[in-house]
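Data block below; observations after.
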Amino acid sequence: MTEINNKFLEPYIENSIENDSTDKKIEEDKQASPLSRRGFLRTAAVTGGAALAGSTMPARAAQMDHSAMQDKGYNTMMFMEGHSMKPGQIIEPPGSPSDTEVDYKVFDIDVQIVEHEILPGVKLHMFAFNGQVPGPEFHLTEGDWVKINFTNRTEEMHTIHWHGIVLPYTMDGVPMVNQDPVHPGDTFVYRFQAKPSGTRWYHCHWSTPLHAATAMHGAFIIHRKNEPLKKRFPYTRDYTMMLEAWDIDFAREEMNGLLEGMKEVNILMAQGKLDYKTHGFFKDYMEFKKSIESGEYVAPYLQSRSSGVVVRPNYFAINGKSYPATKRIGIKQGEWIRVRLINASGLSHHMHLHGHDFWWVAQDGNDLAEPRHLNTIHVEPGGTYDVMVYGDNPGFWAWHDHKTTQVRNNGIYPGGMLTVLAYEDFEPTYIPSLSIDQ
Amino acid sequence: MTEINNKFLEPYIENSIENDSTDKKIEEDKQASPLSRRGFLRTAAVTGGAALAGSTMPARAAQMDHSAMQDKGYNTMMFMEGHSMKPGQIIEPPGSPSDTEVDYKVFDIDVQIVEHEILPGVKLHMFAFNGQVPGPEFHLTEGDWVKINFTNRTEEMHTIHWHGIVLPYTMDGVPMVNQDPVHPGDTFVYRFQAKPSGTRWYHCHWSTPLHAATAMHGAFIIHRKNEPLKKRFPYTRDYTMMLEAWDIDFAREEMNGLLEGMKEVNILMAQGKLDYKTHGFFKDYMEFKKSIESGEYVAPYLQSRSSGVVVRPNYFAINGKSYPATKRIGIKQGEWIRVRLINASGLSHHMHLHGHDFWWVAQDGNDLAEPRHLNTIHVEPGGTYDVMVYGDNPGFWAWHDHKTTQVRNNGIYPGGMLTVLAYEDFEPTYIPSLSIDQ
Amino acid sequence: MTEINNKFLEPYIENSIENDSTDKKIEEDKQASPLSRRGFLRTAAVTGGAALAGSTMPARAAQMDHSAMQDKGYNTMMFMEGHSMKPGQIIEPPGSPSDTEVDYKVFDIDVQIVEHEILPGVKLHMFAFNGQVPGPEFHLTEGDWVKINFTNRTEEMHTIHWHGIVLPYTMDGVPMVNQDPVHPGDTFVYRFQAKPSGTRWYHCHWSTPLHAATAMHGAFIIHRKNEPLKKRFPYTRDYTMMLEAWDIDFAREEMNGLLEGMKEVNILMAQGKLDYKTHGFFKDYMEFKKSIESGEYVAPYLQSRSSGVVVRPNYFAINGKSYPATKRIGIKQGEWIRVRLINASGLSHHMHLHGHDFWWVAQDGNDLAEPRHLNTIHVEPGGTYDVMVYGDNPGFWAWHDHKTTQVRNNGIYPGGMLTVLAYEDFEPTYIPSLSIDQ
């Protein structure tokens, strides 16, 4: 088995870690190369790609300024003093021990563009770790040393930020703050110790509103030996719910715009003809400021680009799927389960469980001093929230965002961020018929 | 007296329950029948109904796709295996004791369409429990057995979800998960025990963004004997603030669209000619998925319907009224009051009280382990929040949403979610003149 | 030195208060008079003022109904019984001791219109206390008596609300609830005792969505002697982050509309010809209601004014500046710092700090019973949140809103509400190059 869990709403069961002593690598997706896939995308953009993906939204598309986006898709401001934008020059940054100093658990992870089905009829090209939406789930024990070989199999730049993990700053994954971005085809090695314990996560930090918000995100769970919470809440299954929201029109436009812009940048880079000012690369802040004041450079935020201002998610998902394609959560009578909610969406979600008051036990991976008894857990952007549910009320129970606009698919209720807590061991008197699981 | 409190911001005073030993029913509203009212609505839609209600918003209306909505208003996906959509076949579901086993407190509640005035000049047709906005307020004691006869006096389907109450799953009110929907003219009997204690609420769970979010919601308050919070906070009055937000343009369009669609469904049902696939009724998820993949069925979320995606509330209310039509909250010097805030809006609200730090004591009906001292209580969708205010600073004090866009009426400040905490027993040196109460 | 801190992200260091025994006044900004500046604004509006400020957004502007706004910009509802709208009649309200009774610390503060640069190329006219964005920062000790002479140097009305401070209600600054508004040229004297301790703030409460939300806000920090939090968190620097969001198109339209409307009101007032009903001034609520019902008065919320409904911030700032113009926050290894986050924006912000779990210690100025260990602090509208950061992970660490749409400038990532926690005393192995500070 691998320590990365490739299936979602398959609960994690502790023994799987304890029995494992290998550092098995995740096998790479052997699909068509990103290059050919990307060629497909470009064609799609020209010939009406949205039709391929099952949903069009003419009113929105008409408001968008395609020309502006395609011309300037890659023009964002960056300060280059001491940095290089040449590919193939990544070196492992200092800050972590070498292979001989500690016993690393080694993982391979890549980013690809895949076409993901959110629910029947709705497909979207997404940046995805190991081709999965969301990315694979890590399960480690506090103190483990991990080495993650991250390969960029797209034509866009990327990084990985390890959200909530306390690591050397050169491993933190923010471009130009902590590392140069990972160029197409390059591999960057992240090395750090898994700490502190709790529900943490990872996501791309390059062009975050598109990369992280579409699908470049996954759970990074750091277990404690002899989990103290098990004394009060002796849970036997451990679920993850990654909460996601997509404006699929914005995502399509942006991805096509960025890939188009990147093509131009790649050609200019190879020819050594990259025009720094038209592409937003400056020596430093002062040069940037003077270029704007002199009129030599028109920052993209000064251009008319109103379509970009509004990101208006129309699909809401749990672990990559919208209701009715969501998977339900199993529980038995007398069983405690742990559910880790991770907000990867940029919106607030309000996950109301019917028929139960659960215990909220941790936020951002850290235990609360005093668990709180609730039936609606408010899951804010960037945060992780752990709850414990006790199986004492057999039945089928809706668990969903109480923001009613977010339990819709493209404006149609019901849909979106909705699943069911289903007891597995009782004789139902009313049999629901509502989703993929029946 | 009745146990349902039909007046709002009339504080609840404990003795009223203790003196009561009858199970008096609420008298039904004797207005025009829903059928004739609905006929009115349809006419209004054709001849320009918005004008009747005092406010038009041409820019928004022009963007809406009336034809799509009227044709497909009732086409939402539903899985029917083992279920019937025939009216008049509701049976009391199992899961609760019979009339002879426990001593039920009995209530009658219905749903009607009423025209409600939000503030002078702004009226809206709403689905409303017992014709009230919000619905009547229940006050029970923990452990009471309640039997609620719910009659649907509209042409739309409905249910009632008892939000935060731990009851048999067949009483939980989510259509197709817990019960079949309640058809026009039918009565469904909800039976359950009032528990756990605290501020709970109820709302329709059918087509929630319209039904619950307009006005099908009310407070369901379960008192404890010898309330422990009274030791530290010996409160003498007990207020409820239901927080609401309405996009009155969306609500009008949706209600007309749904009623129009429902008419068609009712006729086809009566004739036994309901076409399951065009109306979104499938055997199960797999049949639904195959119908989409074969092109036989075009799900409404795949159709162009961008108007539905955006719900943009333009009126914000406390207990059905927007400022300056809101009622103020009375307090005396040296008095503790309890205020129960219930978010029925789907938005976040941030109720800032001037001149006082209050104590936040409960969330979702459950006491906090440690009350928190605040002046702004963040009331998230689906949640209930109880605060205790002590009268030690005589005056008139604004209490309002600090999200400034939500203290406006249709974009005009001041308005919306704003009221005043008013001391009743002091000699004012500045006399405010600001609302309905003066 | 002054007790008002005119520089931002210059940390506050405690000794500066303890050494200070004077009541030095803030010197007034000696710029062009507001009248001439305002004349400029009007011209700009006619000839295309947006171009002056570096950014236009044609799609938005085209949707706006200029005529409606300019005609009715000042028509909002107000109840006048017992009140006067004549300028020059302000008297100091009762409720606080006189100059001879207590030893006041005296401050002068005014409001002006200034042109503020949010980031290179983006300038906006704003109402600003002492011409600063945000307004000056107050540092007082609990129990201090303060007297603040507030002079209105604009042609609009204003007040100051002291958010979270427990003071006599006549000093609370809500127009028509606590005081008559402060007319152009008038000075109103606020007197109160600085209490309770903690992170409080102040903002205009007249036409709040424009006045407070643009720039009429500042920190009001009340220190305790022998700060108890220093036992557990011996911090040596004390930072403030005011979080702001601007829809600069809305702000420009509204400010021009209001100034235009105010000109008309000023002329009519001087001539004694103010038409109460066309300008929304009524005796009381009943007169208002009857005027609407008779059709004599059409409230502005009943008019078509859809542009006003949508406030869609496109710039997000910390202490007046958007990334990359934001200032970074300094820390040393082994140092505790305190950061006070104040939400002046009306939106929710989610400030994620990389590489550290910090301690959240206070909300709304009051210490939490139990500090919470987090890496993302959710800063809700109207609230203040204090966190303690310990310097144990040297590097450069992004600290930003995790709502990805809010780390953009006019839709372009990266930008907005983003800064860096920068260690001052280590040898970097990767040197960031990202903002104004390098």
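FYI, nothing fancy with the structure tokens labels: chains A, B, ... in order, residues from 1 per chain, ligands from 1 as they appear.
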What residues in chain B have any atom no more than 8 Å from chain C when counting only C-alpha atoms, and can you write them as a short mmCIF file (atom, residue, chain, number, x, y, z; two decimals) with C-alpha atoms, in the first residue's frame?
data_model
loop_
_atom_site.label_atom_id
_atom_site.label_comp_id
_atom_site.auth_asym_id
_atom_site.auth_seq_id
_atom_site.Cartn_x
_atom_site.Cartn_y
_atom_site.Cartn_z
CA GLY B 54 -43.53 48.75 -5.10
CA SER B 55 -40.08 48.14 -6.46
CA THR B 56 -38.79 47.24 -9.86
CA MET B 57 -35.27 46.62 -10.90
CA PRO B 58 -35.18 46.75 -14.68
CA ALA B 59 -31.50 46.00 -15.07
CA ARG B 60 -31.80 42.70 -13.19
CA PRO B 120 -43.16 50.85 3.69
CA GLY B 121 -43.63 50.38 -0.03
CA VAL B 122 -41.93 47.00 -0.31
CA ASN B 314 -31.17 43.52 -1.61
CA PRO B 324 -36.74 51.63 9.90
CA HIS B 350 -22.12 40.55 12.24
CA HIS B 352 -22.49 44.87 16.59
CA HIS B 354 -22.92 49.80 20.72
CA GLY B 355 -21.91 50.83 24.22
CA HIS B 356 -21.85 47.33 25.71
CA ASP B 357 -19.75 44.22 25.79
CA GLU B 370 -16.73 29.45 28.69
CA ARG B 372 -17.07 34.97 25.55
CA HIS B 373 -17.10 38.74 26.08
CA LEU B 374 -17.78 40.56 22.79
CA ASN B 375 -19.45 43.53 21.20
CA THR B 376 -19.95 41.96 17.76
CA HIS B 378 -20.80 36.77 14.10
CA ASN B 393 -25.29 52.00 30.34
CA PRO B 394 -28.63 53.80 29.89
CA GLY B 395 -29.30 55.25 26.46
CA PHE B 396 -30.27 54.31 22.94
CA TRP B 397 -27.80 52.00 21.26
CA ALA B 398 -27.60 50.88 17.67
CA HIS B 402 -21.44 45.59 10.63
CA LYS B 403 -21.29 44.43 7.02
CA THR B 404 -22.22 47.83 5.70
CA THR B 405 -23.87 46.55 2.54
CA ASN B 409 -32.52 48.81 1.61
CA ASN B 410 -32.01 48.10 -2.08
CA GLY B 411 -28.63 49.77 -1.88
CA ILE B 412 -29.72 52.80 0.18
CA TYR B 413 -28.17 53.39 3.60
CA PRO B 414 -29.40 53.30 6.36
CA THR B 429 -30.67 63.98 27.20
CA TYR B 430 -30.81 63.25 23.47
CA ILE B 431 -34.01 61.85 22.08
CA PRO B 432 -33.58 59.69 19.01
CA SER B 433 -36.17 59.77 16.29
CA LEU B 434 -35.45 56.96 14.02
CA SER B 435 -37.93 54.17 13.65
CA ILE B 436 -41.33 52.60 14.02
CA GLN B 438 -41.18 56.44 18.27
#
For Ala128 (chain C), find every residue with an atom within 7 Å (counting only C-alpha atoms), except residues of its own chain fewer than 2 positions away, and show them as a list in words.
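Those residues are Val111, Gln112, Ile113, Val114, Met126, Asn130, Gly131, Gln132, Val133, Gly135, Ala215 and Met216 of chain C.
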Include all heavy atoms and write out the residues we just selected as an mmCIF file, in the first residue's frame.
data_model
loop_
_atom_site.group_PDB
_atom_site.id
_atom_site.type_symbol
_atom_site.label_atom_id
_atom_site.label_comp_id
_atom_site.auth_asym_id
_atom_site.auth_seq_id
_atom_site.Cartn_x
_atom_site.Cartn_y
_atom_site.Cartn_z
ATOM 1 N N VAL C 111 -11.589 65.755 9.537
ATOM 2 C CA VAL C 111 -11.755 64.906 8.356
ATOM 3 C C VAL C 111 -11.583 65.791 7.136
ATOM 4 O O VAL C 111 -12.092 66.918 7.079
ATOM 5 C CB VAL C 111 -13.104 64.163 8.347
ATOM 6 C CG1 VAL C 111 -14.288 65.120 8.440
ATOM 7 C CG2 VAL C 111 -13.221 63.299 7.093
ATOM 8 N N GLN C 112 -10.825 65.300 6.205
ATOM 9 C CA GLN C 112 -10.544 65.994 4.950
ATOM 10 C C GLN C 112 -10.784 65.006 3.806
ATOM 11 O O GLN C 112 -10.887 63.814 4.022
ATOM 12 C CB GLN C 112 -9.076 66.420 4.878
ATOM 13 C CG GLN C 112 -8.534 67.094 6.100
ATOM 14 C CD GLN C 112 -7.003 67.119 6.097
ATOM 15 O OE1 GLN C 112 -6.378 67.007 5.047
ATOM 16 N NE2 GLN C 112 -6.436 67.269 7.275
ATOM 17 N N ILE C 113 -10.816 65.575 2.614
ATOM 18 C CA ILE C 113 -10.760 64.704 1.441
ATOM 19 C C ILE C 113 -9.335 64.726 0.928
ATOM 20 O O ILE C 113 -8.763 65.793 0.711
ATOM 21 C CB ILE C 113 -11.732 65.170 0.349
ATOM 22 C CG1 ILE C 113 -13.173 65.020 0.845
ATOM 23 C CG2 ILE C 113 -11.538 64.354 -0.925
ATOM 24 C CD1 ILE C 113 -14.212 65.524 -0.129
ATOM 25 N N VAL C 114 -8.744 63.545 0.804
ATOM 26 C CA VAL C 114 -7.381 63.473 0.271
ATOM 27 C C VAL C 114 -7.353 62.486 -0.891
ATOM 28 O O VAL C 114 -8.223 61.625 -1.019
ATOM 29 C CB VAL C 114 -6.350 63.005 1.335
ATOM 30 C CG1 VAL C 114 -6.297 63.992 2.482
ATOM 31 C CG2 VAL C 114 -6.660 61.599 1.814
ATOM 32 N N MET C 126 -10.516 60.123 -0.952
ATOM 33 C CA MET C 126 -11.134 59.481 0.203
ATOM 34 C C MET C 126 -11.391 60.506 1.298
ATOM 35 O O MET C 126 -10.663 61.486 1.428
ATOM 36 C CB MET C 126 -10.177 58.425 0.772
ATOM 37 C CG MET C 126 -9.963 57.231 -0.137
ATOM 38 S SD MET C 126 -8.836 56.058 0.658
ATOM 39 C CE MET C 126 -9.100 54.619 -0.374
ATOM 40 N N ASN C 130 -7.483 63.372 9.637
ATOM 41 C CA ASN C 130 -6.188 64.055 9.582
ATOM 42 C C ASN C 130 -5.478 63.807 8.260
ATOM 43 O O ASN C 130 -4.248 63.857 8.184
ATOM 44 C CB ASN C 130 -5.293 63.644 10.770
ATOM 45 C CG ASN C 130 -5.774 64.287 12.071
ATOM 46 O OD1 ASN C 130 -6.826 64.938 12.097
ATOM 47 N ND2 ASN C 130 -5.018 64.118 13.134
ATOM 48 N N GLY C 131 -6.255 63.520 7.239
ATOM 49 C CA GLY C 131 -5.669 63.320 5.915
ATOM 50 C C GLY C 131 -4.919 62.015 5.754
ATOM 51 O O GLY C 131 -4.235 61.813 4.752
ATOM 52 N N GLN C 132 -5.051 61.120 6.731
ATOM 53 C CA GLN C 132 -4.292 59.869 6.688
ATOM 54 C C GLN C 132 -5.196 58.668 6.385
ATOM 55 O O GLN C 132 -6.354 58.638 6.802
ATOM 56 C CB GLN C 132 -3.652 59.597 8.049
ATOM 57 C CG GLN C 132 -2.595 60.588 8.434
ATOM 58 C CD GLN C 132 -2.183 60.350 9.870
ATOM 59 O OE1 GLN C 132 -2.278 61.235 10.711
ATOM 60 N NE2 GLN C 132 -1.746 59.132 10.139
ATOM 61 N N VAL C 133 -4.628 57.680 5.753
ATOM 62 C CA VAL C 133 -5.342 56.432 5.450
ATOM 63 C C VAL C 133 -4.507 55.259 5.956
ATOM 64 O O VAL C 133 -3.427 55.013 5.430
ATOM 65 C CB VAL C 133 -5.566 56.279 3.926
ATOM 66 C CG1 VAL C 133 -6.264 54.961 3.624
ATOM 67 C CG2 VAL C 133 -6.363 57.454 3.390
ATOM 68 N N GLY C 135 -6.815 56.430 9.540
ATOM 69 C CA GLY C 135 -6.657 57.564 10.445
ATOM 70 C C GLY C 135 -5.595 57.281 11.501
ATOM 71 O O GLY C 135 -5.131 56.158 11.662
ATOM 72 N N ALA C 215 -12.138 55.402 4.121
ATOM 73 C CA ALA C 215 -10.938 55.559 4.952
ATOM 74 C C ALA C 215 -11.188 56.211 6.296
ATOM 75 O O ALA C 215 -10.253 56.449 7.047
ATOM 76 C CB ALA C 215 -9.874 56.334 4.193
ATOM 77 N N MET C 216 -12.438 56.522 6.655
ATOM 78 C CA MET C 216 -12.678 57.148 7.951
ATOM 79 C C MET C 216 -12.691 56.087 9.044
ATOM 80 O O MET C 216 -13.736 55.762 9.614
ATOM 81 C CB MET C 216 -13.992 57.934 7.922
ATOM 82 C CG MET C 216 -13.873 59.203 7.087
ATOM 83 S SD MET C 216 -15.353 60.244 7.190
ATOM 84 C CE MET C 216 -15.207 60.899 8.866
#
May I have all residues of region 294-357 of chain A that DSSP, computed from the backbone, assigns to strand (DSSP E or B), given as an mmCIF file with C-alpha atoms, in the first residue's frame?
data_model
loop_
_atom_site.group_PDB
_atom_site.id
_atom_site.type_symbol
_atom_site.label_atom_id
_atom_site.label_comp_id
_atom_site.auth_asym_id
_atom_site.auth_seq_id
_atom_site.Cartn_x
_atom_site.Cartn_y
_atom_site.Cartn_z
ATOM 1 C CA TYR A 315 -20.219 24.340 -8.691
ATOM 2 C CA PHE A 316 -19.553 23.282 -5.100
ATOM 3 C CA ALA A 317 -17.951 19.973 -4.240
ATOM 4 C CA ILE A 318 -16.797 17.573 -1.539
ATOM 5 C CA LYS A 321 -17.729 15.730 -6.600
ATOM 6 C CA TYR A 323 -24.233 16.213 -5.186
ATOM 7 C CA ILE A 329 -20.209 8.745 4.928
ATOM 8 C CA GLY A 330 -20.691 5.479 6.748
ATOM 9 C CA ILE A 331 -21.180 5.092 10.480
ATOM 10 C CA TRP A 336 -17.255 7.290 16.881
ATOM 11 C CA ILE A 337 -15.978 8.662 13.582
ATOM 12 C CA ARG A 338 -13.597 11.543 12.981
ATOM 13 C CA VAL A 339 -14.229 13.871 10.045
ATOM 14 C CA ARG A 340 -11.563 16.358 8.950
ATOM 15 C CA LEU A 341 -12.981 19.278 6.995
ATOM 16 C CA ILE A 342 -10.525 21.264 4.891
ATOM 17 C CA ASN A 343 -11.581 24.433 3.122
ATOM 18 C CA HIS A 349 -18.954 26.861 4.188
ATOM 19 C CA HIS A 350 -21.383 25.938 6.938
ATOM 20 C CA MET A 351 -21.671 22.186 7.180
ATOM 21 C CA HIS A 352 -24.883 21.348 9.014
ATOM 22 C CA LEU A 353 -25.372 17.743 10.126
#
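The shortest atom-to-atom distance to Val387 (chain C), with only C-alpha atoms taken into account, belongs to C:Leu229 out of C:Leu229, C:Leu140, C:Tyr297, C:Thr419.
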Just want the 10 Å neighbourhood of Arg153 (chain A), counted on only C-alpha atoms, with same-chain residues fewer than 3 positions away dropped. Output as a compact mmCIF listing (two decimals) with N, CA, C and O atoms, in the first residue's frame.
# COMPACT_ATOMS: atom_id res chain seq x y z
N SER A 33 0.77 12.61 -22.78
CA SER A 33 1.65 13.62 -22.20
C SER A 33 0.91 14.94 -22.07
O SER A 33 -0.01 15.22 -22.82
N PRO A 34 1.31 15.75 -21.13
CA PRO A 34 0.66 17.05 -20.96
C PRO A 34 0.73 17.89 -22.23
O PRO A 34 -0.17 18.66 -22.51
N LEU A 35 1.79 17.71 -22.98
CA LEU A 35 1.91 18.54 -24.18
C LEU A 35 0.76 18.28 -25.15
O LEU A 35 0.12 19.20 -25.62
N ASP A 110 3.29 14.57 -8.99
CA ASP A 110 3.45 15.47 -10.13
C ASP A 110 2.19 16.30 -10.27
O ASP A 110 1.24 16.14 -9.50
N VAL A 111 2.24 17.23 -11.19
CA VAL A 111 1.01 17.93 -11.55
C VAL A 111 0.78 17.74 -13.03
O VAL A 111 1.70 17.83 -13.84
N GLN A 112 -0.45 17.42 -13.36
CA GLN A 112 -0.86 17.20 -14.75
C GLN A 112 -2.13 18.01 -14.98
O GLN A 112 -2.76 18.49 -14.05
N ILE A 113 -2.47 18.11 -16.23
CA ILE A 113 -3.80 18.63 -16.55
C ILE A 113 -4.69 17.43 -16.86
O ILE A 113 -4.33 16.60 -17.69
N PHE A 127 -5.70 21.53 -13.27
CA PHE A 127 -4.39 21.15 -12.78
C PHE A 127 -4.62 20.21 -11.60
O PHE A 127 -5.36 20.57 -10.68
N PHE A 129 -2.83 17.15 -8.86
CA PHE A 129 -1.70 16.38 -8.36
C PHE A 129 -1.92 14.90 -8.66
O PHE A 129 -2.97 14.33 -8.29
N ASN A 130 -0.95 14.29 -9.29
CA ASN A 130 -1.06 12.88 -9.70
C ASN A 130 -2.34 12.62 -10.48
O ASN A 130 -2.86 11.50 -10.48
N PHE A 150 8.69 16.61 -6.58
CA PHE A 150 7.55 17.21 -7.26
C PHE A 150 7.93 17.54 -8.71
O PHE A 150 8.80 18.38 -8.95
N GLU A 156 2.79 25.24 -17.44
CA GLU A 156 2.69 26.37 -16.53
C GLU A 156 3.68 26.19 -15.38
O GLU A 156 4.11 25.07 -15.10
N MET A 157 4.00 27.27 -14.68
CA MET A 157 4.83 27.14 -13.49
C MET A 157 3.96 26.76 -12.29
O MET A 157 2.77 27.07 -12.25
N HIS A 158 4.58 26.12 -11.31
CA HIS A 158 3.88 25.71 -10.09
C HIS A 158 4.86 25.68 -8.92
O HIS A 158 6.07 25.72 -9.11
N HIS A 183 9.62 25.14 -13.08
CA HIS A 183 9.31 25.29 -14.51
C HIS A 183 8.78 23.99 -15.11
O HIS A 183 8.99 22.91 -14.54
N PRO A 184 8.13 24.10 -16.26
CA PRO A 184 7.66 22.91 -16.96
C PRO A 184 8.78 21.89 -17.13
O PRO A 184 9.89 22.25 -17.56
N GLY A 185 8.49 20.67 -16.76
CA GLY A 185 9.46 19.59 -16.91
C GLY A 185 10.43 19.46 -15.75
O GLY A 185 11.08 18.42 -15.61
N ASP A 186 10.55 20.47 -14.91
CA ASP A 186 11.49 20.40 -13.79
C ASP A 186 10.93 19.62 -12.60
O ASP A 186 9.72 19.45 -12.45
N THR A 187 11.88 19.17 -11.76
CA THR A 187 11.50 18.49 -10.51
C THR A 187 12.12 19.25 -9.35
O THR A 187 13.30 19.58 -9.38
If I take CA of Glu92 (chain A) and CA of Pro181 (chain A), how far is one from the other in Å, to one decimal?
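Atom-to-atom, CA of Glu92 (chain A) to CA of Pro181 (chain A), that is 12.5 Å.
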Enter the distance from CA of Gly218 (chain C) to CA of Met242 (chain C), in Å, rounded to one decimal.
7.7 Å
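In this structure, CA of Glu287 (chain B) sits 23.2 Å away from CA of Gly261 (chain B).
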For region 232-239 of chain A, find every residue with an atom within 12 Å (counting only C-alpha atoms), except residues of its own chain fewer than 2 positions away, and show them as a PyMOL selection string.
chain A and resi 5+7-16+137+139+199+219+221+223+226-230+241-242+318-319+327-332+334-342+358-361+370-371+385-391+421
